[in-house]
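Source file: final-v5.pdb. Holds: PDB, C-alpha atoms.
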```pdb
ATOM      1  CA  MET D 281      38.945  29.751 -66.165
ATOM      2  CA  TYR D 282      39.740  28.100 -69.487
ATOM      3  CA  PHE D 283      43.368  29.153 -69.086
ATOM      4  CA  ILE D 284      43.624  27.511 -65.662
ATOM      5  CA  LEU D 285      41.900  24.373 -66.918
ATOM      6  CA  PHE D 286      44.358  24.246 -69.802
ATOM      7  CA  PHE D 287      47.297  24.331 -67.415
ATOM      8  CA  LEU D 288      45.660  21.841 -65.056
ATOM      9  CA  SER D 289      45.293  19.420 -67.951
ATOM     10  CA  PHE D 290      49.025  18.673 -67.629
ATOM     11  CA  ILE D 291      48.705  17.618 -64.013
ATOM     12  CA  LYS D 292      47.765  14.018 -63.388
ATOM     13  CA  ASN D 293      44.941  13.622 -60.873
ATOM     14  CA  SER D 294      44.363  17.363 -60.697
ATOM     15  CA  ASN D 295      40.954  16.674 -59.098
ATOM     16  CA  VAL D 296      39.288  19.388 -61.129
ATOM     17  CA  LEU D 297      35.818  18.613 -62.324
ATOM     18  CA  PHE D 298      34.288  20.776 -65.006
ATOM     19  CA  ALA D 299      31.329  20.091 -67.205
ATOM     20  CA  SER D 300      30.296  21.960 -70.304
ATOM     21  CA  ASN D 301      28.801  21.168 -73.672
ATOM     22  CA  ASP D 302      31.802  22.675 -75.469
ATOM     23  CA  ILE D 303      34.631  21.395 -73.252
ATOM     24  CA  LYS D 304      35.481  17.751 -72.695
ATOM     25  CA  ILE D 305      38.176  16.489 -70.344
ATOM     26  CA  ARG D 306      39.564  13.114 -71.354
ATOM     27  CA  HIS D 307      42.570  11.428 -69.764
ATOM     28  CA  GLY D 308      43.532  14.652 -67.991
ATOM     29  CA  HIS D 309      43.571  16.765 -71.180
ATOM     30  CA  VAL D 310      41.180  19.555 -72.087
ATOM     31  CA  PHE D 311      39.557  19.333 -75.513
ATOM     32  CA  LEU D 312      37.580  22.171 -77.045
ATOM     33  CA  GLU D 313      34.862  21.232 -79.474
ATOM     34  CA  GLY D 314      33.865  23.707 -82.148
ATOM     35  CA  GLU D 315      35.338  26.954 -83.367
ATOM     36  CA  GLU D 316      33.263  29.080 -80.997
ATOM     37  CA  SER D 317      34.710  27.255 -77.992
ATOM     38  CA  LEU D 318      38.228  28.089 -79.092
ATOM     39  CA  ILE D 319      37.359  31.742 -79.612
ATOM     40  CA  LYS D 320      35.675  31.914 -76.192
ATOM     41  CA  SER D 321      38.697  30.303 -74.558
ATOM     42  CA  LEU D 322      40.963  33.046 -75.895
ATOM     43  CA  GLU D 323      38.885  35.905 -74.496
ATOM     44  CA  PRO D 324      40.576  37.711 -71.604
ATOM     45  CA  PRO D 325      39.227  36.641 -68.219
ATOM     46  CA  SER D 326      37.477  39.202 -66.080
ATOM     47  CA  GLY D 327      39.247  40.462 -62.987
ATOM     48  CA  GLY D 328      42.908  40.389 -62.068
ATOM     49  CA  GLU D 329      45.888  42.202 -63.513
ATOM     50  CA  LEU D 330      46.999  39.468 -65.915
ATOM     51  CA  LYS D 331      44.752  38.907 -68.915
ATOM     52  CA  LEU D 332      44.904  36.473 -71.782
ATOM     53  CA  LEU D 333      44.963  38.270 -75.143
ATOM     54  CA  THR D 334      44.552  36.979 -78.675
ATOM     55  CA  HIS D 335      47.267  37.173 -81.316
ATOM     56  CA  LEU D 336      45.022  39.584 -83.238
ATOM     57  CA  SER D 337      44.628  42.025 -80.352
ATOM     58  CA  THR D 338      48.373  41.853 -79.686
ATOM     59  CA  GLU D 339      49.133  42.648 -83.312
ATOM     60  CA  ASN D 340      46.700  45.547 -83.092
ATOM     61  CA  TRP D 341      48.351  46.956 -79.951
ATOM     62  CA  ALA D 342      51.809  46.661 -81.536
ATOM     63  CA  HIS D 343      50.605  48.437 -84.681
ATOM     64  CA  ASN D 344      48.859  51.241 -82.760
ATOM     65  CA  TRP D 345      51.794  51.811 -80.423
ATOM     66  CA  LEU D 346      54.211  51.860 -83.347
ATOM     67  CA  LEU D 347      52.135  54.549 -85.032
ATOM     68  CA  TYR D 348      51.930  56.479 -81.762
ATOM     69  CA  ILE D 349      55.690  56.627 -81.183
ATOM     70  CA  ALA D 350      56.356  57.421 -84.850
ATOM     71  CA  ASN D 351      53.958  60.382 -84.843
ATOM     72  CA  SER D 352      54.247  61.662 -81.261
ATOM     73  CA  GLY D 353      57.165  64.039 -81.836
ATOM     74  CA  VAL D 354      59.064  62.504 -78.909
ATOM     75  CA  GLU D 355      62.272  60.629 -79.654
ATOM     76  CA  TYR D 356      62.058  57.050 -78.468
ATOM     77  CA  ASN D 357      64.882  54.555 -78.162
ATOM     78  CA  ASP D 358      65.268  52.267 -81.189
ATOM     79  CA  ASN D 359      64.646  49.269 -78.923
ATOM     80  CA  TYR D 360      60.974  50.210 -78.675
ATOM     81  CA  TYR D 361      60.584  50.257 -82.457
ATOM     82  CA  MET D 362      62.245  46.841 -82.553
ATOM     83  CA  ASP D 363      59.893  45.528 -79.842
ATOM     84  CA  TYR D 364      56.779  46.616 -81.720
ATOM     85  CA  PHE D 365      57.983  45.347 -85.090
ATOM     86  CA  SER D 366      59.042  42.024 -83.542
ATOM     87  CA  MET D 367      55.755  41.542 -81.711
ATOM     88  CA  LYS D 368      53.759  42.510 -84.803
ATOM     89  CA  GLY D 369      55.596  39.878 -86.846
ATOM     90  CA  MET D 370      55.525  37.215 -84.146
ATOM     91  CA  SER D 371      51.801  37.642 -83.551
ATOM     92  CA  ASN D 372      51.237  36.690 -87.192
ATOM     93  CA  MET D 373      53.526  33.648 -86.970
ATOM     94  CA  TYR D 374      52.732  32.291 -83.504
ATOM     95  CA  THR D 375      49.011  31.585 -83.637
ATOM     96  CA  SER D 376      48.900  27.938 -82.558
ATOM     97  CA  PRO D 377      47.484  26.890 -79.167
ATOM     98  CA  GLU D 378      50.879  26.531 -77.490
ATOM     99  CA  PHE D 379      51.496  30.297 -77.726
ATOM    100  CA  PHE D 380      49.961  32.704 -75.238
ATOM    101  CA  TYR D 381      49.740  36.476 -75.234
ATOM    102  CA  LEU D 382      49.412  37.900 -71.736
ATOM    103  CA  GLY D 383      48.663  41.535 -71.003
ATOM    104  CA  TYR D 384      49.463  43.230 -67.701
ATOM    105  CA  PHE D 385      46.761  45.690 -66.655
ATOM    106  CA  PRO D 386      47.948  47.139 -63.307
ATOM    107  CA  ASP D 387      45.304  47.963 -60.719
ATOM    108  CA  SER D 388      47.349  51.020 -59.727
ATOM    109  CA  ARG D 389      46.203  52.995 -62.784
ATOM    110  CA  ILE D 390      43.381  53.282 -65.274
ATOM    111  CA  THR D 391      44.542  51.484 -68.410
ATOM    112  CA  THR D 392      42.412  53.076 -71.113
ATOM    113  CA  GLN D 393      45.305  52.948 -73.584
ATOM    114  CA  GLY D 394      45.804  49.201 -73.258
ATOM    115  CA  PRO D 395      47.987  46.973 -71.097
ATOM    116  CA  LYS D 396      51.193  48.276 -69.533
ATOM    117  CA  TYR D 397      53.074  45.225 -70.873
ATOM    118  CA  VAL D 398      52.281  42.492 -73.369
ATOM    119  CA  GLY D 399      54.258  39.277 -73.365
ATOM    120  CA  LEU D 400      54.406  36.403 -75.824
ATOM    121  CA  PHE D 401      54.872  33.044 -74.118
ATOM    122  CA  GLU D 402      55.298  29.525 -75.457
ATOM    123  CA  LEU D 403      54.161  26.459 -73.559
ATOM    124  CA  GLN D 404      56.456  23.524 -74.314
ATOM    125  CA  TYR D 405      54.189  20.630 -73.415
ATOM    126  CA  LYS D 406      56.648  17.782 -73.107
ATOM    127  CA  LYS D 407      59.221  19.745 -71.109
ATOM    128  CA  ARG D 408      56.549  21.564 -69.052
ATOM    129  CA  ILE D 409      58.221  24.910 -69.705
ATOM    130  CA  PHE D 410      56.451  28.253 -70.062
ATOM    131  CA  ASN D 411      58.958  30.178 -72.180
ATOM    132  CA  THR D 412      59.002  33.957 -72.650
ATOM    133  CA  LYS D 413      59.565  34.868 -76.306
ATOM    134  CA  CYS D 414      59.033  38.635 -76.431
ATOM    135  CA  ILE D 415      57.816  41.562 -74.303
ATOM    136  CA  MET D 416      56.688  45.019 -75.322
ATOM    137  CA  GLU D 417      55.868  48.048 -73.187
ATOM    138  CA  ASN D 418      53.020  50.461 -73.793
ATOM    139  CA  PRO D 419      54.451  53.869 -74.846
ATOM    140  CA  TYR D 420      51.583  55.722 -73.165
ATOM    141  CA  TYR D 421      52.794  54.572 -69.735
ATOM    142  CA  MET D 422      56.572  54.897 -70.158
ATOM    143  CA  GLU D 423      56.655  57.988 -67.919
ATOM    144  CA  ASP D 424      55.326  55.882 -65.024
ATOM    145  CA  LYS D 425      57.586  53.800 -62.823
ATOM    146  CA  SER D 426      58.385  50.349 -64.129
ATOM    147  CA  GLU D 427      56.075  47.531 -63.057
ATOM    148  CA  LEU D 428      57.936  44.844 -64.969
ATOM    149  CA  LEU D 429      58.783  42.948 -61.767
ATOM    150  CA  GLN D 430      55.104  42.824 -60.780
ATOM    151  CA  PHE D 431      54.349  41.440 -64.257
ATOM    152  CA  LYS D 432      57.040  38.782 -63.766
ATOM    153  CA  ASP D 433      55.690  37.943 -60.299
ATOM    154  CA  LEU D 434      52.185  37.369 -61.669
ATOM    155  CA  VAL D 435      53.484  35.133 -64.462
ATOM    156  CA  THR D 436      55.614  33.258 -61.926
ATOM    157  CA  GLN D 437      52.561  32.715 -59.690
ATOM    158  CA  LEU D 438      50.629  31.461 -62.704
ATOM    159  CA  THR D 439      53.340  28.967 -63.640
ATOM    160  CA  ASP D 440      53.817  27.841 -60.043
ATOM    161  CA  ASN D 441      50.094  27.155 -59.705
ATOM    162  CA  ALA D 442      50.149  25.210 -62.977
ATOM    163  CA  HIS D 443      53.290  23.269 -61.986
ATOM    164  CA  VAL D 444      55.267  24.289 -65.066
ATOM    165  CA  PHE D 445      58.719  25.866 -65.188
ATOM    166  CA  PHE D 446      59.027  29.564 -66.037
ATOM    167  CA  ASN D 447      61.859  30.375 -68.462
ATOM    168  CA  TYR D 448      62.820  33.761 -69.870
ATOM    169  CA  LYS D 449      66.234  33.017 -71.393
ATOM    170  CA  ASP D 450      64.861  33.698 -74.903
ATOM    171  CA  LEU D 451      64.869  37.387 -73.955
ATOM    172  CA  ASN D 452      68.665  37.262 -74.363
ATOM    173  CA  LYS D 453      68.580  38.925 -77.785
ATOM    174  CA  PRO D 454      68.986  42.484 -79.042
ATOM    175  CA  GLY D 455      66.095  44.689 -78.050
ATOM    176  CA  GLN D 456      64.833  42.303 -75.365
ATOM    177  CA  ILE D 457      67.974  42.058 -73.220
ATOM    178  CA  ARG D 458      66.853  44.992 -71.029
ATOM    179  CA  TYR D 459      63.828  42.964 -69.881
ATOM    180  CA  LEU D 460      66.032  39.953 -69.118
ATOM    181  CA  LEU D 461      68.453  42.100 -67.100
ATOM    182  CA  GLN D 462      65.671  43.784 -65.162
ATOM    183  CA  TRP D 463      64.062  40.421 -64.344
ATOM    184  CA  ASN D 464      67.423  38.946 -63.286
ATOM    185  CA  PHE D 465      68.975  41.780 -61.286
ATOM    186  CA  ASN D 466      66.091  43.613 -59.599
TER     187      ASN D 466
END
```

Could you render the structure as C-alpha coordinates?
Amino acid sequence: MYFILFFLSFIKNSNVLFASNDIKIRHGHVFLEGEESLIKSLEPPSGGELKLLTHLSTENWAHNWLLYIANSGVEYNDNYYMDYFSMKGMSNMYTSPEFFYLGYFPDSRITTQGPKYVGLFELQYKKRIFNTKCIMENPYYMEDKSELLQFKDLVTQLTDNAHVFFNYKDLNKPGQIRYLLQWNFN
(Lines of atoms letter the chains of each structure in order from A and count residues from 1; the text may use other names and numbers.)
(Lines give C-alpha, C1' and ligand atoms only; values in the text may rest on other atoms or scores of the structure.)
Protein backbone atom coordinates (compact mmCIF):
# COMPACT_ATOMS: atom_id res chain seq x y z
CA MET A 1 0.00 0.00 0.00
CA TYR A 2 2.85 2.37 0.82
CA PHE A 3 4.41 1.58 -2.55
CA ILE A 4 1.22 2.49 -4.42
CA LEU A 5 0.80 5.65 -2.37
CA PHE A 6 4.38 6.59 -3.19
CA PHE A 7 3.70 6.27 -6.91
CA LEU A 8 0.36 8.06 -6.62
CA SER A 9 2.14 10.99 -4.99
CA PHE A 10 3.41 11.98 -8.45
CA ILE A 11 -0.08 12.22 -9.88
CA LYS A 12 -1.86 15.52 -9.42
CA ASN A 13 -5.41 15.14 -8.11
CA SER A 14 -4.98 11.40 -7.61
CA ASN A 15 -8.08 11.45 -5.36
CA VAL A 16 -6.49 9.08 -2.88
CA LEU A 17 -7.24 9.78 0.73
CA PHE A 18 -5.15 8.10 3.38
CA ALA A 19 -4.78 8.96 7.01
CA SER A 20 -2.18 7.70 9.41
CA ASN A 21 -0.15 9.04 12.30
CA ASP A 22 3.11 8.21 10.52
CA ILE A 23 2.22 9.24 6.95
CA LYS A 24 1.32 12.75 5.87
CA ILE A 25 0.26 13.72 2.36
CA ARG A 26 1.00 17.34 1.53
CA HIS A 27 0.65 18.92 -1.90
CA GLY A 28 0.29 15.49 -3.51
CA HIS A 29 3.52 14.10 -2.01
CA VAL A 30 3.83 11.36 0.58
CA PHE A 31 5.97 12.15 3.62
CA LEU A 32 7.01 9.53 6.14
CA GLU A 33 7.64 10.71 9.66
CA GLY A 34 10.03 8.77 11.84
CA GLU A 35 12.49 5.99 11.18
CA GLU A 36 9.97 3.24 11.95
CA SER A 37 7.65 4.52 9.22
CA LEU A 38 10.40 4.25 6.65
CA ILE A 39 11.27 0.72 7.74
CA LYS A 40 7.59 -0.31 7.63
CA SER A 41 7.22 1.19 4.16
CA LEU A 42 10.03 -1.01 2.84
CA GLU A 43 8.51 -4.27 4.08
CA PRO A 44 7.21 -6.48 1.27
CA PRO A 45 3.44 -6.26 0.86
CA SER A 46 1.37 -9.35 1.45
CA GLY A 47 -0.18 -11.07 -1.53
CA GLY A 48 0.69 -10.87 -5.20
CA GLU A 49 3.71 -12.08 -7.12
CA LEU A 50 5.68 -8.82 -7.03
CA LYS A 51 7.09 -7.84 -3.65
CA LEU A 52 9.08 -4.86 -2.50
CA LEU A 53 12.39 -5.91 -0.94
CA THR A 54 14.95 -3.95 1.05
CA HIS A 55 18.51 -3.35 -0.11
CA LEU A 56 19.67 -5.50 2.83
CA SER A 57 17.56 -8.51 1.88
CA THR A 58 18.67 -8.15 -1.75
CA GLU A 59 22.31 -8.11 -0.71
CA ASN A 60 21.66 -11.19 1.40
CA TRP A 61 20.03 -13.07 -1.50
CA ALA A 62 22.92 -12.16 -3.82
CA HIS A 63 25.47 -13.34 -1.24
CA ASN A 64 23.64 -16.62 -0.54
CA TRP A 65 23.11 -17.40 -4.22
CA LEU A 66 26.75 -16.63 -4.98
CA LEU A 67 27.85 -19.08 -2.30
CA TYR A 68 25.38 -21.66 -3.61
CA ILE A 69 26.64 -21.60 -7.20
CA ALA A 70 30.28 -21.55 -6.06
CA ASN A 71 29.83 -24.65 -3.88
CA SER A 72 27.18 -26.61 -5.79
CA GLY A 73 29.55 -28.56 -8.05
CA VAL A 74 27.56 -27.50 -11.13
CA GLU A 75 29.26 -25.24 -13.65
CA TYR A 76 27.34 -22.02 -14.09
CA ASN A 77 27.81 -19.41 -16.78
CA ASP A 78 30.08 -16.51 -15.75
CA ASN A 79 27.17 -14.12 -16.33
CA TYR A 80 25.48 -15.41 -13.18
CA TYR A 81 28.56 -14.70 -11.06
CA MET A 82 28.64 -11.21 -12.56
CA ASP A 83 24.93 -10.70 -11.78
CA TYR A 84 25.36 -11.64 -8.12
CA PHE A 85 28.52 -9.60 -7.64
CA SER A 86 26.93 -6.59 -9.37
CA MET A 87 23.74 -6.79 -7.33
CA LYS A 88 25.69 -7.26 -4.10
CA GLY A 89 27.70 -4.11 -4.82
CA MET A 90 24.75 -2.08 -6.08
CA SER A 91 22.62 -2.95 -3.06
CA ASN A 92 25.28 -1.31 -0.87
CA MET A 93 25.46 1.80 -3.06
CA TYR A 94 21.81 2.33 -4.01
CA THR A 95 20.05 2.73 -0.68
CA SER A 96 18.26 6.05 -1.16
CA PRO A 97 14.46 6.24 -1.52
CA GLU A 98 14.50 6.53 -5.31
CA PHE A 99 15.83 2.97 -5.67
CA PHE A 100 13.53 -0.03 -5.42
CA TYR A 101 14.27 -3.72 -5.15
CA LEU A 102 11.43 -5.87 -6.47
CA GLY A 103 11.27 -9.63 -6.08
CA TYR A 104 9.19 -11.89 -8.29
CA PHE A 105 7.60 -14.74 -6.34
CA PRO A 106 5.60 -16.75 -8.93
CA ASP A 107 2.34 -18.32 -7.79
CA SER A 108 3.12 -21.33 -9.99
CA ARG A 109 5.66 -22.72 -7.51
CA ILE A 110 6.56 -22.72 -3.85
CA THR A 111 9.39 -20.22 -3.44
CA THR A 112 11.08 -21.39 -0.26
CA GLN A 113 14.51 -20.50 -1.66
CA GLY A 114 13.62 -16.87 -2.33
CA PRO A 115 12.27 -14.96 -5.32
CA LYS A 116 12.69 -16.28 -8.86
CA TYR A 117 14.02 -12.86 -9.96
CA VAL A 118 15.19 -9.75 -8.14
CA GLY A 119 15.37 -6.45 -9.96
CA LEU A 120 16.91 -3.12 -9.00
CA PHE A 121 14.90 -0.16 -10.28
CA GLU A 122 15.46 3.58 -10.10
CA LEU A 123 12.62 6.07 -10.05
CA GLN A 124 13.66 9.29 -11.79
CA TYR A 125 11.20 11.72 -10.26
CA LYS A 126 11.42 14.65 -12.64
CA LYS A 127 11.33 12.54 -15.81
CA ARG A 128 8.74 10.11 -14.37
CA ILE A 129 10.83 7.13 -15.47
CA PHE A 130 11.07 3.80 -13.67
CA ASN A 131 14.47 2.58 -14.86
CA THR A 132 15.75 -1.00 -14.60
CA LYS A 133 19.35 -1.08 -13.36
CA CYS A 134 20.06 -4.77 -12.76
CA ILE A 135 18.33 -8.17 -12.62
CA MET A 136 19.46 -11.42 -11.07
CA GLU A 137 17.93 -14.89 -11.28
CA ASN A 138 17.68 -17.36 -8.43
CA PRO A 139 20.01 -20.34 -9.13
CA TYR A 140 17.66 -22.74 -7.35
CA TYR A 141 15.02 -22.23 -10.05
CA MET A 142 17.19 -22.13 -13.18
CA GLU A 143 16.00 -25.60 -14.24
CA ASP A 144 12.43 -24.27 -14.46
CA LYS A 145 11.11 -22.50 -17.53
CA SER A 146 11.83 -18.80 -17.70
CA GLU A 147 9.21 -16.47 -16.22
CA LEU A 148 11.10 -13.30 -17.02
CA LEU A 149 8.32 -12.04 -19.31
CA GLN A 150 5.75 -12.45 -16.52
CA PHE A 151 8.08 -10.44 -14.26
CA LYS A 152 8.30 -7.72 -16.92
CA ASP A 153 4.51 -7.74 -17.37
CA LEU A 154 3.94 -7.20 -13.64
CA VAL A 155 6.44 -4.33 -13.53
CA THR A 156 4.82 -2.85 -16.64
CA GLN A 157 1.37 -3.05 -15.00
CA LEU A 158 2.79 -1.37 -11.91
CA THR A 159 4.28 1.49 -13.92
CA ASP A 160 1.16 1.88 -16.04
CA ASN A 161 -1.00 2.16 -12.93
CA ALA A 162 1.40 4.74 -11.49
CA HIS A 163 1.56 6.70 -14.76
CA VAL A 164 5.34 6.52 -15.05
CA PHE A 165 7.39 5.31 -18.01
CA PHE A 166 9.09 1.91 -17.81
CA ASN A 167 12.66 1.87 -19.16
CA TYR A 168 15.07 -1.05 -19.28
CA LYS A 169 17.79 0.29 -21.59
CA ASP A 170 20.32 0.23 -18.72
CA LEU A 171 20.34 -3.56 -19.10
CA ASN A 172 22.41 -3.02 -22.26
CA LYS A 173 25.68 -3.94 -20.55
CA PRO A 174 27.75 -7.11 -20.25
CA GLY A 175 26.06 -9.71 -18.11
CA GLN A 176 22.64 -8.06 -18.30
CA ILE A 177 22.19 -7.99 -22.09
CA ARG A 178 20.45 -11.40 -22.06
CA TYR A 179 17.61 -9.93 -19.97
CA LEU A 180 17.30 -6.96 -22.34
CA LEU A 181 17.16 -9.26 -25.37
CA GLN A 182 14.59 -11.55 -23.79
CA TRP A 183 12.40 -8.58 -22.82
CA ASN A 184 12.70 -7.07 -26.31
CA PHE A 185 12.34 -10.12 -28.56
CA ASN A 186 9.97 -12.50 -26.77

Check your understanding: Just so the selection is clear, what residues does the PyMOL selection byres ((chain D and resi 338-347) around 6) cover here, as a PyMOL selection string?
Key -> chain D and resi 335-337+348-350+364+368+371

**Study point:** Which of D:Met373, D:Asp358, D:Pro454, D:Glu417 sits closest to Gly394 (chain D) [using all atoms listed in the file]
**Key:**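 Once distances to Gly394 (chain D) are computed over all atoms listed in the file, the minimum belongs to D:Glu417.
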
Check your understanding: Distance CA of Thr412 (chain D)-CA of Asp450 (chain D), one decimal place?
Key ->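 Computing the Euclidean distance for CA of Thr412 (chain D) and CA of Asp450 (chain D) yields 6.3 Å.
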
Exercise for review: Using the chain letters and numbering of this document, enumerate as a ChimeraX atom specification the residues selected by the PyMOL selection byres ((chain D and resi 427-429) around 12).
Suggested key: /D:329,383-389,395-399,415-418,421-426,430-436,458-466

Check your understanding: So which residues get picked by the PyMOL selection byres ((chain D and resi 440-447) around 7) here, written as a ChimeraX atom specification?
Key -> /D:287-288,408-412,436-439,448-449

If the box runs along x, y and z of the file and leaves 5 Å on each side of region 425-444 of chain D, what are its centre and edge lengths in Å, one decimal, as JSON?
```
{"center_x": 54.4, "center_y": 38.5, "center_z": -62.4, "size_x": 18.7, "size_y": 40.5, "size_z": 15.4}
```

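Note that CA of Asn359 (chain D) and CA of Tyr374 (chain D) are 21.2 Å apart.
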
**Study point:** Within 8 Å of region 377-379 of chain D using only C-alpha atoms, minus same-chain residues under 4 positions, as a PyMOL selection string
**Key:** chain D and resi 400-405

Can you spit out the residues from that selection as a PDB file, in the frame of the given file, using C-alpha atoms?
```pdb
ATOM      1  CA  LEU D 400      54.406  36.403 -75.824  1.00  0.00           C
ATOM      2  CA  PHE D 401      54.872  33.044 -74.118  1.00  0.00           C
ATOM      3  CA  GLU D 402      55.298  29.525 -75.457  1.00  0.00           C
ATOM      4  CA  LEU D 403      54.161  26.459 -73.559  1.00  0.00           C
ATOM      5  CA  GLN D 404      56.456  23.524 -74.314  1.00  0.00           C
ATOM      6  CA  TYR D 405      54.189  20.630 -73.415  1.00  0.00           C
TER       7      TYR D 405
END
```

Point to revise | CA of Lys331 (chain D) to CA of Asn452 (chain D), distance in Å rounded to a single decimal | key: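 Distance reported for this atom pair: 24.6 Å.
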
Check your understanding: Taking all atoms listed in the file into account, which of D:Ile457, D:Leu451, D:Val354, D:Cys414 comes nearest Met367 (chain D)?
Key ->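 Closest to Met367 (chain D) of all the choices is D:Cys414.
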
Review point. In terms of the shortest atom-to-atom distance over all atoms listed in the file, which of D:Gln456, D:Phe365, D:Lys413, D:Tyr381 is closest to Thr334 (chain D)?
Key: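 Checking each of D:Gln456, D:Phe365, D:Lys413, D:Tyr381 against Thr334 (chain D), counting all atoms listed in the file, the winner is D:Tyr381.
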